[in-house]
Each structure stands twice: as structure tokens, then as C-alpha cells.
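Asks: My file is query_17.cif. It has mmCIF, C-alpha atoms:
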data_my_file
#
loop_
_atom_site.group_PDB
_atom_site.id
_atom_site.type_symbol
_atom_site.label_atom_id
_atom_site.label_comp_id
_atom_site.auth_asym_id
_atom_site.auth_seq_id
_atom_site.Cartn_x
_atom_site.Cartn_y
_atom_site.Cartn_z
ATOM 1 C CA MET A 31 -25.830 15.240 -42.588
ATOM 2 C CA LYS A 32 -26.480 17.141 -39.365
ATOM 3 C CA ASP A 33 -27.199 13.883 -37.538
ATOM 4 C CA ILE A 34 -23.956 12.355 -38.833
ATOM 5 C CA SER A 35 -21.977 15.446 -37.798
ATOM 6 C CA LYS A 36 -23.541 15.292 -34.340
ATOM 7 C CA ILE A 37 -22.628 11.605 -33.992
ATOM 8 C CA VAL A 38 -19.051 12.281 -35.130
ATOM 9 C CA GLU A 39 -18.741 15.189 -32.672
ATOM 10 C CA THR A 40 -20.113 13.039 -29.826
ATOM 11 C CA LEU A 41 -17.668 10.246 -30.654
ATOM 12 C CA LYS A 42 -14.794 12.756 -30.747
ATOM 13 C CA VAL A 43 -15.746 14.142 -27.323
ATOM 14 C CA GLU A 44 -15.989 10.635 -25.846
ATOM 15 C CA PHE A 45 -12.656 9.632 -27.376
ATOM 16 C CA ASP A 46 -10.943 12.745 -25.973
ATOM 17 C CA LYS A 47 -12.431 12.027 -22.560
ATOM 18 C CA HIS A 48 -11.394 8.373 -22.475
ATOM 19 C CA SER A 49 -8.370 8.492 -24.781
ATOM 20 C CA PRO A 50 -5.835 7.191 -22.188
ATOM 21 C CA GLU A 51 -7.955 4.109 -21.504
ATOM 22 C CA ILE A 52 -8.659 3.533 -25.212
ATOM 23 C CA LEU A 53 -5.016 3.981 -26.206
ATOM 24 C CA THR A 54 -3.836 1.690 -23.396
ATOM 25 C CA GLY A 55 -6.317 -0.969 -24.531
ATOM 26 C CA LEU A 56 -5.158 -0.655 -28.135
ATOM 27 C CA GLY A 57 -1.536 -0.762 -27.015
ATOM 28 C CA LEU A 58 -2.024 -3.960 -25.027
ATOM 29 C CA THR A 59 -3.960 -5.483 -27.930
ATOM 30 C CA GLY A 60 -1.086 -4.612 -30.267
ATOM 31 C CA LEU A 61 1.534 -6.147 -27.979
ATOM 32 C CA ILE A 62 -0.498 -9.309 -27.432
ATOM 33 C CA GLY A 63 -1.114 -9.470 -31.175
ATOM 34 C CA SER A 64 2.622 -9.203 -31.825
ATOM 35 C CA VAL A 65 3.203 -12.319 -29.708
ATOM 36 C CA ILE A 66 0.560 -14.247 -31.670
ATOM 37 C CA PHE A 67 1.953 -13.032 -34.996
ATOM 38 C CA SER A 68 5.462 -13.964 -33.855
ATOM 39 C CA VAL A 69 4.443 -17.559 -33.064
ATOM 40 C CA ARG A 70 2.735 -17.924 -36.437
ATOM 41 C CA ALA A 71 5.635 -16.258 -38.245
ATOM 42 C CA THR A 72 8.161 -18.583 -36.604
ATOM 43 C CA ALA A 73 6.255 -21.661 -37.766
ATOM 44 C CA LYS A 74 6.170 -20.308 -41.342
ATOM 45 C CA ALA A 75 9.830 -19.289 -41.140
ATOM 46 C CA VAL A 76 10.913 -22.783 -40.059
ATOM 47 C CA ARG A 77 9.076 -24.342 -42.995
ATOM 48 C CA ALA A 78 10.547 -21.764 -45.401
ATOM 49 C CA VAL A 79 14.095 -22.436 -44.140
ATOM 50 C CA ASP A 80 13.630 -26.183 -44.562
ATOM 51 C CA GLU A 81 12.392 -25.654 -48.121
ATOM 52 C CA LYS A 82 15.329 -23.345 -48.849
ATOM 53 C CA LYS A 83 17.791 -25.974 -47.591
ATOM 54 C CA LYS A 84 16.274 -28.530 -49.950
ATOM 55 C CA GLU A 85 16.325 -26.037 -52.808
ATOM 56 C CA LEU A 86 20.001 -25.138 -52.235
ATOM 57 C CA LYS A 87 20.895 -28.697 -51.125
ATOM 58 C CA LYS A 88 22.528 -27.439 -47.934
ATOM 59 C CA GLU A 89 22.625 -28.775 -44.390
ATOM 60 C CA LYS A 90 22.751 -25.276 -42.950
ATOM 61 C CA LEU A 91 21.951 -21.813 -44.340
ATOM 62 C CA ALA A 92 24.104 -18.745 -43.827
ATOM 63 C CA VAL A 93 22.711 -15.953 -41.640
ATOM 64 C CA ASN A 94 22.004 -13.691 -44.626
ATOM 65 C CA GLU A 95 20.194 -16.549 -46.364
ATOM 66 C CA VAL A 96 18.022 -17.175 -43.299
ATOM 67 C CA LEU A 97 17.188 -13.475 -43.033
ATOM 68 C CA SER A 98 16.355 -13.078 -46.717
ATOM 69 C CA THR A 99 14.106 -16.150 -46.495
ATOM 70 C CA THR A 100 12.209 -15.327 -43.327
ATOM 71 C CA TRP A 101 12.062 -11.519 -42.867
ATOM 72 C CA LYS A 102 8.748 -11.035 -44.655
ATOM 73 C CA PHE A 103 6.963 -13.373 -42.218
ATOM 74 C CA TYR A 104 7.737 -11.030 -39.303
ATOM 75 C CA ILE A 105 6.337 -7.838 -40.858
ATOM 76 C CA PRO A 106 2.924 -8.184 -39.100
ATOM 77 C CA THR A 107 4.746 -8.837 -35.789
ATOM 78 C CA ILE A 108 6.848 -5.687 -36.141
ATOM 79 C CA ILE A 109 3.864 -3.530 -37.179
ATOM 80 C CA SER A 110 1.746 -4.811 -34.284
ATOM 81 C CA ALA A 111 4.517 -4.348 -31.695
ATOM 82 C CA VAL A 112 5.432 -0.835 -32.891
ATOM 83 C CA SER A 113 1.823 0.355 -33.118
ATOM 84 C CA GLY A 114 1.064 -1.080 -29.662
ATOM 85 C CA SER A 115 4.095 0.643 -28.172
ATOM 86 C CA ILE A 116 3.131 3.963 -29.792
ATOM 87 C CA CYS A 117 -0.397 3.714 -28.348
ATOM 88 C CA ILE A 118 0.956 3.091 -24.826
ATOM 89 C CA VAL A 119 3.426 5.981 -25.129
ATOM 90 C CA CYS A 120 0.609 8.279 -26.301
ATOM 91 C CA ALA A 121 -1.630 7.149 -23.430
ATOM 92 C CA THR A 122 1.139 7.869 -20.917
ATOM 93 C CA SER A 123 1.779 11.261 -22.481
ATOM 94 C CA THR A 124 -1.917 12.164 -22.321
ATOM 95 C CA ASN A 125 -2.121 11.148 -18.667
ATOM 96 C CA THR A 126 0.991 13.176 -17.870
ATOM 97 C CA ARG A 127 -0.477 16.283 -19.507
ATOM 98 C CA ARG A 128 -3.771 15.829 -17.655
ATOM 99 C CA ASN A 129 -2.015 15.353 -14.336
ATOM 100 C CA ALA A 130 0.066 18.478 -14.952
ATOM 101 C CA ALA A 131 -3.083 20.439 -15.795
ATOM 102 C CA LEU A 132 -4.795 19.110 -12.659
ATOM 103 C CA ALA A 133 -1.839 20.097 -10.488
ATOM 104 C CA ALA A 134 -1.754 23.570 -12.069
ATOM 105 C CA ALA A 135 -5.495 24.051 -11.562
ATOM 106 C CA TYR A 136 -5.181 22.926 -7.947
ATOM 107 C CA SER A 137 -2.292 25.342 -7.363
ATOM 108 C CA ILE A 138 -4.349 28.241 -8.752
ATOM 109 C CA SER A 139 -7.335 27.323 -6.548
ATOM 110 C CA GLU A 140 -5.128 26.950 -3.479
ATOM 111 C CA THR A 141 -3.512 30.351 -4.098
ATOM 112 C CA ALA A 142 -6.912 32.002 -4.559
ATOM 113 C CA LEU A 143 -8.240 30.436 -1.350
ATOM 114 C CA ASN A 144 -5.214 31.524 0.676
ATOM 115 C CA GLU A 145 -5.494 35.057 -0.706
ATOM 116 C CA TYR A 146 -9.177 35.097 0.212
ATOM 117 C CA LYS A 147 -8.426 33.966 3.783
ATOM 118 C CA GLU A 148 -5.701 36.586 4.216
ATOM 119 C CA LYS A 149 -7.914 39.357 2.860
ATOM 120 C CA THR A 150 -10.753 38.269 5.165
ATOM 121 C CA LYS A 151 -8.441 38.564 8.170
ATOM 122 C CA GLU A 152 -7.257 41.957 6.958
ATOM 123 C CA LEU A 153 -10.775 43.370 6.494
ATOM 124 C CA VAL A 154 -12.643 41.914 9.471
ATOM 125 C CA GLY A 155 -9.783 41.084 11.855
ATOM 126 C CA GLU A 156 -8.374 37.832 13.226
ATOM 127 C CA ASN A 157 -11.182 37.214 15.735
ATOM 128 C CA LYS A 158 -14.025 37.698 13.255
ATOM 129 C CA SER A 159 -12.185 35.629 10.670
ATOM 130 C CA GLU A 160 -11.992 32.746 13.143
ATOM 131 C CA ALA A 161 -15.666 33.274 13.999
ATOM 132 C CA ILE A 162 -16.529 32.912 10.307
ATOM 133 C CA GLU A 163 -14.564 29.658 10.056
ATOM 134 C CA THR A 164 -16.255 28.375 13.218
ATOM 135 C CA SER A 165 -19.675 29.252 11.786
ATOM 136 C CA ILE A 166 -18.850 27.383 8.569
ATOM 137 C CA GLN A 167 -17.816 24.270 10.491
ATOM 138 C CA LYS A 168 -20.945 24.539 12.656
ATOM 139 C CA ASP A 169 -23.150 24.639 9.558
ATOM 140 C CA LYS A 170 -21.382 21.559 8.176
ATOM 141 C CA ILE A 171 -21.942 19.646 11.413
ATOM 142 C CA GLN A 172 -25.595 20.706 11.577
ATOM 143 C CA ASN A 173 -26.106 19.610 7.971
ATOM 144 C CA ASN A 174 -24.425 16.273 8.712
ATOM 145 C CA PRO A 175 -24.937 15.587 12.433
ATOM 146 C CA PRO A 176 -23.174 12.693 14.174
ATOM 147 C CA ARG A 177 -25.113 9.508 14.746
ATOM 148 C CA THR A 178 -23.902 6.782 17.062
ATOM 149 C CA SER A 179 -23.703 4.201 14.264
ATOM 150 C CA GLU A 180 -21.541 6.549 12.173
ATOM 151 C CA VAL A 181 -19.004 7.529 14.833
ATOM 152 C CA ILE A 182 -15.713 5.646 14.489
ATOM 153 C CA ILE A 183 -14.396 4.414 17.830
ATOM 154 C CA THR A 184 -10.607 4.599 17.648
ATOM 155 C CA GLY A 185 -9.905 3.555 21.222
ATOM 156 C CA LYS A 186 -7.807 6.710 21.712
ATOM 157 C CA GLY A 187 -10.246 8.791 23.726
ATOM 158 C CA GLU A 188 -13.862 9.845 24.181
ATOM 159 C CA THR A 189 -13.877 13.359 22.665
ATOM 160 C CA LEU A 190 -16.017 13.647 19.543
ATOM 161 C CA PHE A 191 -14.129 14.865 16.435
ATOM 162 C CA LYS A 192 -15.113 15.506 12.831
ATOM 163 C CA GLU A 193 -12.310 15.098 10.271
ATOM 164 C CA THR A 194 -13.054 17.756 7.654
ATOM 165 C CA ILE A 195 -11.582 16.115 4.516
ATOM 166 C CA SER A 196 -13.596 12.890 4.719
ATOM 167 C CA GLY A 197 -16.421 14.350 6.835
ATOM 168 C CA ARG A 198 -16.247 11.395 9.247
ATOM 169 C CA TYR A 199 -16.862 11.530 12.974
ATOM 170 C CA PHE A 200 -14.556 9.706 15.347
ATOM 171 C CA LYS A 201 -13.687 9.621 19.036
ATOM 172 C CA SER A 202 -10.199 10.431 20.243
ATOM 173 C CA ASP A 203 -8.338 12.790 22.580
ATOM 174 C CA ILE A 204 -6.936 16.229 21.708
ATOM 175 C CA GLU A 205 -3.529 15.376 23.170
ATOM 176 C CA LYS A 206 -3.347 12.192 21.110
ATOM 177 C CA VAL A 207 -4.317 14.201 18.033
ATOM 178 C CA ARG A 208 -1.484 16.666 18.761
ATOM 179 C CA ARG A 209 0.954 13.778 19.196
ATOM 180 C CA ALA A 210 -0.267 12.364 15.882
ATOM 181 C CA GLU A 211 0.470 15.737 14.271
ATOM 182 C CA ASN A 212 4.029 15.697 15.659
ATOM 183 C CA GLU A 213 4.546 12.107 14.539
ATOM 184 C CA LEU A 214 3.313 12.901 11.027
ATOM 185 C CA ASN A 215 5.657 15.873 10.721
ATOM 186 C CA ARG A 216 8.552 13.791 12.046
ATOM 187 C CA GLU A 217 7.781 11.193 9.382
ATOM 188 C CA MET A 218 7.586 13.951 6.759
ATOM 189 C CA ARG A 219 11.141 15.000 7.584
ATOM 190 C CA ASN A 220 12.230 11.450 6.745
ATOM 191 C CA SER A 221 10.051 10.659 3.714
ATOM 192 C CA MET A 222 9.547 14.253 2.469
ATOM 193 C CA GLU A 223 5.780 13.808 2.075
ATOM 194 C CA ILE A 224 2.699 12.472 3.844
ATOM 195 C CA SER A 225 -0.534 11.411 2.150
ATOM 196 C CA VAL A 226 -4.096 12.017 3.338
ATOM 197 C CA ASN A 227 -4.443 8.267 3.925
ATOM 198 C CA ASP A 228 -1.347 8.391 6.180
ATOM 199 C CA VAL A 229 -3.163 10.978 8.285
ATOM 200 C CA PHE A 230 -6.294 8.837 8.443
ATOM 201 C CA VAL A 231 -4.300 5.793 9.603
ATOM 202 C CA ILE A 232 -2.501 7.615 12.409
ATOM 203 C CA LEU A 233 -5.800 9.112 13.613
ATOM 204 C CA GLY A 234 -7.258 5.600 13.741
ATOM 205 C CA LEU A 235 -9.538 6.027 10.697
ATOM 206 C CA PRO A 236 -9.854 3.597 7.776
ATOM 207 C CA MET A 237 -8.188 4.708 4.538
ATOM 208 C CA THR A 238 -10.539 5.975 1.822
ATOM 209 C CA GLY A 239 -9.754 5.443 -1.867
ATOM 210 C CA SER A 240 -6.437 5.354 -3.713
ATOM 211 C CA VAL A 241 -6.806 9.035 -4.658
ATOM 212 C CA ASN A 242 -5.962 9.896 -1.056
ATOM 213 C CA ASP A 243 -2.558 8.255 -1.572
ATOM 214 C CA ASP A 244 -1.825 10.843 -4.260
ATOM 215 C CA ILE A 245 -2.691 14.003 -2.295
ATOM 216 C CA GLY A 246 -1.266 15.251 0.981
ATOM 217 C CA TRP A 247 1.523 17.432 2.341
ATOM 218 C CA ASP A 248 5.178 17.742 1.329
ATOM 219 C CA ILE A 249 8.179 19.281 3.025
ATOM 220 C CA ASP A 250 8.487 22.049 0.408
ATOM 221 C CA HIS A 251 5.023 23.471 1.080
ATOM 222 C CA GLY A 252 4.862 23.204 4.856
ATOM 223 C CA TYR A 253 4.189 20.787 7.677
ATOM 224 C CA ILE A 254 0.807 19.426 8.680
ATOM 225 C CA GLU A 255 -0.927 21.677 11.182
ATOM 226 C CA PHE A 256 -4.289 20.640 12.599
ATOM 227 C CA LYS A 257 -6.781 23.439 13.302
ATOM 228 C CA PRO A 258 -9.212 22.165 15.950
ATOM 229 C CA VAL A 259 -12.459 24.173 15.895
ATOM 230 C CA PRO A 260 -14.715 23.577 18.944
ATOM 231 C CA ILE A 261 -18.398 23.268 18.024
ATOM 232 C CA MET A 262 -21.597 22.398 19.864
ATOM 233 C CA THR A 263 -23.917 20.088 17.934
ATOM 234 C CA GLU A 264 -27.675 20.705 17.853
ATOM 235 C CA ASP A 265 -28.245 18.039 20.508
ATOM 236 C CA GLY A 266 -25.686 19.670 22.835
ATOM 237 C CA GLN A 267 -22.673 17.452 22.206
ATOM 238 C CA ALA A 268 -19.224 19.015 22.278
ATOM 239 C CA CYS A 269 -17.466 18.322 18.988
ATOM 240 C CA ILE A 270 -14.112 19.369 17.534
ATOM 241 C CA ALA A 271 -13.963 19.964 13.792
ATOM 242 C CA LEU A 272 -10.443 18.888 12.818
ATOM 243 C CA ASP A 273 -9.467 21.252 10.014
ATOM 244 C CA TYR A 274 -6.048 21.911 8.422
ATOM 245 C CA ALA A 275 -4.041 25.155 8.316
ATOM 246 C CA ILE A 276 -2.513 24.016 4.995
ATOM 247 C CA LEU A 277 -4.707 22.151 2.546
ATOM 248 C CA PRO A 278 -3.491 18.863 1.019
ATOM 249 C CA ARG A 279 -2.122 19.083 -2.517
ATOM 250 C CA PRO A 280 -1.070 16.664 -5.293
ATOM 251 C CA LEU A 281 2.044 14.691 -4.337
ATOM 252 C CA GLY A 282 5.035 13.360 -6.264
ATOM 253 C CA ARG A 283 4.529 13.151 -10.038
ATOM 254 C CA PHE A 284 1.164 14.952 -9.700
ATOM 255 C CA ALA A 285 2.759 18.103 -8.214
#
Can the structure in the file be given as C-alpha cells, please?
Replies:
Amino acid sequence: MKDISKIVETLKVEFDKHSPEILTGLGLTGLIGSVIFSVRATAKAVRAVDEKKKELKKEKLAVNEVLSTTWKFYIPTIISAVSGSICIVCATSTNTRRNAALAAAYSISETALNEYKEKTKELVGENKSEAIETSIQKDKIQNNPPRTSEVIITGKGETLFKETISGRYFKSDIEKVRRAENELNREMRNSMEISVNDVFVILGLPMTGSVNDDIGWDIDHGYIEFKPVPIMTEDGQACIALDYAILPRPLGRFA
């Protein structure tokens, strides 16, 4: 009995984890099944109508006679279509709840991080706070040093940068980066939001994953502001860690 209970509990956990995908699959199966049932039902209905015409010796049946003759053939079609639609609605609802929970969790984390940064500045002062951030970026660069094969050449300059969201190194120019920041904020005033992938593109970096289309900056929470942090790598190269004053957050329906 314990083994059965454990299996049931494991199945329940897996279903909860993958319920949107499972429900979507069941929904699509139901809708496809309704089409198949409908084709079969129509063939049976046509035969039943023909038999009814012969029975009643009529050339044409009235609407109520057609309905009373054929309705039972479409019961499987209706059940399949309704159940499929319910599954898809449930899957959408589950995804919406999860996205709302994700956005709420992100908001809490963002608030806590901002409070931590402000308190750090208050306790140790602005200069020491910046020194701490510089030290953090230096550690990240030392733990993941640039290698020639990994540096993206954008054709926009020869200064070595490290973009802190993706962790990628690229070569550009600080003035071009500042112009990119202004262009992004100008675009934000028009479209109300900018995604992380939009930032990558304007910096000359390849986009990375569809998730970076769903997070970024919106007009209600502030413009994009790059925070360039100058660092020296272990081999003596000058490098600018390109950080952000405001972290990206879920956009649109995820916010």
C-alpha cells in the first residue's frame, strides 16, 4: 500500500508540474476527435435521413424531423469538443496563475534587492557601495575571463565590454553604448517597453532565447540606464562591465 501511495503521490506531483502541457494536449486531442466524430456522425446521419424519407414516403423531411432523426449521432462530437475546450481553458488559466505568481515573486525579489542596495549605501557610503559593486564585477570577470574566441566583434569599437545579463564579452565604444541607451529610451517612449533581446540587438549582440523577449524595461518602472563599471582583467586588459541601474522585469501580460 505504501508503494502504491508513493506512486500516486509522484504522479500527482508530475501532473501538477506539467498540467498546462498535459491539459493542452488533451484539449487538442478532444478538438481533433470532435472533427473525426463529426465526419462519422454526418455519414450516419445521411443514411438515417434517407431511411426516414423512405419510412415516411417523403421527398424532403422537415427541420424538426431531421433533428429528431440525427441528433443522437452528434453526441460524441459535442462531448469531445466541449471537453477539449474545457481542457484548453484550464491550461490557459493555470498558465495565467503561474505567470502572475512569477511576476509577484520577481517583484518581491526586486524590492528586496533595491532595499539592500539603498541600505548598503546608507551604512557604508556611496563610494564604498560602488567599490563593493566593482569588486563583485571583478570577481565575475576573474571567474569567467575573456578569451579571444569568445569575444563578440560588433564592429562598433575596440573597447572590451562584458554584458552582465548574458555574461558575454563584446567589443564596442562607450560613446556608441551611450547612444544605444538613448535610442532604446527613445524607442521606449514610443512602444512603452523594451525587451532584453532589444538591448542585445542594438548593442550588436545575438539574441538569446525567447524568454528574453518577455523580460525587459517598461515606461512605468523607469528608463534603461547602463552602469559601466571599469575593471582590469587578470591579464591586464581594460574591461567595462555593462551593468544596469534598473533590473529587467516581466513585460506585458507577465507583469
Asks: Step by step, work through what the PyMOL selection byres ((chain A and resi 187) around 7) selects in the shown file, and finish by giving those residues as a list in words.
Replies: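 Residues picked by the PyMOL selection byres ((chain A and resi 187) around 7): Gly185, Lys186, Glu188, Thr189, Lys201, Ser202 and Asp203 of chain A.
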Asks: Please report the interatomic distance between atom CA of A:Ser113 and atom CA of A:Leu61 in Å with one decimal.
Replies: 8.3 Å
Asks: At a cut-off of 6 Å from (4.3, 16.7, 5.3) in the coordinates of the file, what residues are picked up using only C-alpha atoms, written as a list of chain:residue names?
Replies: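 Using only C-alpha atoms, the matching residues come out as A:Asn215, A:Met218, A:Glu223, A:Ile224, A:Trp247, A:Asp248, A:Ile249, A:Tyr253, A:Ile254.
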Asks: Interatomic distance between atom CA of A:Ser196 and atom CA of A:Glu211?
Replies: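 Here the two named atoms are 17.2 Å from each other.
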Asks: Centre and edge lengths of an axis-aligned box around all listed atoms of stretch 204-214 of chain A, with 3 Å added on each side, are to be given in Å to one decimal, as JSON.
Replies:
{"center_x": -1.2, "center_y": 14.4, "center_z": 17.1, "size_x": 17.5, "size_y": 10.6, "size_z": 18.1}
Asks: In Å, with one decimal, what is the gap from atom CA of A:Asp244 to atom CA of A:Leu281?
Replies: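 About the pair atom CA of A:Asp244 and atom CA of A:Leu281: they are 5.5 Å apart.
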Asks: Just checking: using all atoms listed in the file, which residue out of A:Asp250, A:Asp169, A:Glu180, A:Glu213 ends up closest to A:Tyr199?
Replies: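 Answer, going by the shortest atom-to-atom distance: A:Glu180.
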Asks: Can you turn the PyMOL selection byres ((chain A and resi 279) around 7) into a concrete residue list for this file, as a PyMOL selection string?
Replies: chain A and resi 245-247+277-278+280-281
Asks: Apply the PyMOL selection byres ((chain A and resi 87-100) around 9) to the displayed file and report the matching residues as a PyMOL selection string.
Replies: chain A and resi 71-72+74-76+78-79+82-86+101-104
Asks: Complete the atoms of stretch 78-105 of chain A to N, CA and C atoms and put them out as a short mmCIF file (atom, residue, chain, number, x, y, z; two decimals), in the frame of the given file.
Replies:
data_model
loop_
_atom_site.label_atom_id
_atom_site.label_comp_id
_atom_site.auth_asym_id
_atom_site.auth_seq_id
_atom_site.Cartn_x
_atom_site.Cartn_y
_atom_site.Cartn_z
N ALA A 78 9.87 -22.42 -44.27
CA ALA A 78 10.55 -21.76 -45.40
C ALA A 78 12.04 -22.07 -45.41
N VAL A 79 12.66 -22.12 -44.24
CA VAL A 79 14.10 -22.44 -44.14
C VAL A 79 14.34 -23.87 -44.59
N ASP A 80 13.48 -24.78 -44.15
CA ASP A 80 13.63 -26.18 -44.56
C ASP A 80 13.53 -26.32 -46.08
N GLU A 81 12.56 -25.60 -46.67
CA GLU A 81 12.39 -25.65 -48.12
C GLU A 81 13.60 -25.06 -48.83
N LYS A 82 14.15 -24.00 -48.26
CA LYS A 82 15.33 -23.34 -48.85
C LYS A 82 16.54 -24.27 -48.79
N LYS A 83 16.68 -25.01 -47.71
CA LYS A 83 17.79 -25.97 -47.59
C LYS A 83 17.70 -27.03 -48.68
N LYS A 84 16.47 -27.52 -48.91
CA LYS A 84 16.27 -28.53 -49.95
C LYS A 84 16.58 -27.96 -51.32
N GLU A 85 16.12 -26.69 -51.52
CA GLU A 85 16.32 -26.04 -52.81
C GLU A 85 17.81 -25.86 -53.10
N LEU A 86 18.57 -25.40 -52.07
CA LEU A 86 20.00 -25.14 -52.24
C LEU A 86 20.86 -26.37 -51.94
N LYS A 87 20.19 -27.46 -51.49
CA LYS A 87 20.90 -28.70 -51.12
C LYS A 87 22.01 -28.44 -50.11
N LYS A 88 21.60 -27.77 -49.01
CA LYS A 88 22.53 -27.44 -47.93
C LYS A 88 22.02 -28.01 -46.62
N GLU A 89 22.99 -28.35 -45.74
CA GLU A 89 22.62 -28.78 -44.39
C GLU A 89 22.27 -27.58 -43.51
N LYS A 90 22.95 -26.47 -43.77
CA LYS A 90 22.75 -25.28 -42.95
C LYS A 90 22.86 -24.02 -43.82
N LEU A 91 21.93 -23.06 -43.58
CA LEU A 91 21.95 -21.81 -44.34
C LEU A 91 22.80 -20.77 -43.63
N ALA A 92 23.38 -19.89 -44.40
CA ALA A 92 24.10 -18.74 -43.83
C ALA A 92 23.10 -17.77 -43.21
N VAL A 93 23.60 -16.90 -42.34
CA VAL A 93 22.71 -15.95 -41.64
C VAL A 93 21.96 -15.08 -42.64
N ASN A 94 22.67 -14.57 -43.66
CA ASN A 94 22.00 -13.69 -44.63
C ASN A 94 20.95 -14.44 -45.43
N GLU A 95 21.18 -15.74 -45.64
CA GLU A 95 20.19 -16.55 -46.36
C GLU A 95 18.95 -16.78 -45.51
N VAL A 96 19.16 -17.00 -44.22
CA VAL A 96 18.02 -17.18 -43.30
C VAL A 96 17.19 -15.90 -43.25
N LEU A 97 17.89 -14.76 -43.13
CA LEU A 97 17.19 -13.48 -43.03
C LEU A 97 16.41 -13.17 -44.31
N SER A 98 17.03 -13.38 -45.45
CA SER A 98 16.36 -13.08 -46.72
C SER A 98 15.16 -14.00 -46.95
N THR A 99 15.19 -15.18 -46.33
CA THR A 99 14.11 -16.15 -46.50
C THR A 99 12.93 -15.88 -45.55
N THR A 100 13.24 -15.39 -44.38
CA THR A 100 12.21 -15.33 -43.33
C THR A 100 11.71 -13.92 -42.96
N TRP A 101 12.41 -12.85 -43.38
CA TRP A 101 12.06 -11.52 -42.87
C TRP A 101 10.62 -11.12 -43.13
N LYS A 102 10.10 -11.49 -44.28
CA LYS A 102 8.75 -11.04 -44.66
C LYS A 102 7.67 -11.60 -43.73
N PHE A 103 7.96 -12.77 -43.10
CA PHE A 103 6.96 -13.37 -42.22
C PHE A 103 6.78 -12.56 -40.93
N TYR A 104 7.78 -11.77 -40.57
CA TYR A 104 7.74 -11.03 -39.30
C TYR A 104 7.25 -9.58 -39.46
N ILE A 105 6.84 -9.20 -40.66
CA ILE A 105 6.34 -7.84 -40.86
C ILE A 105 5.10 -7.56 -39.99
#
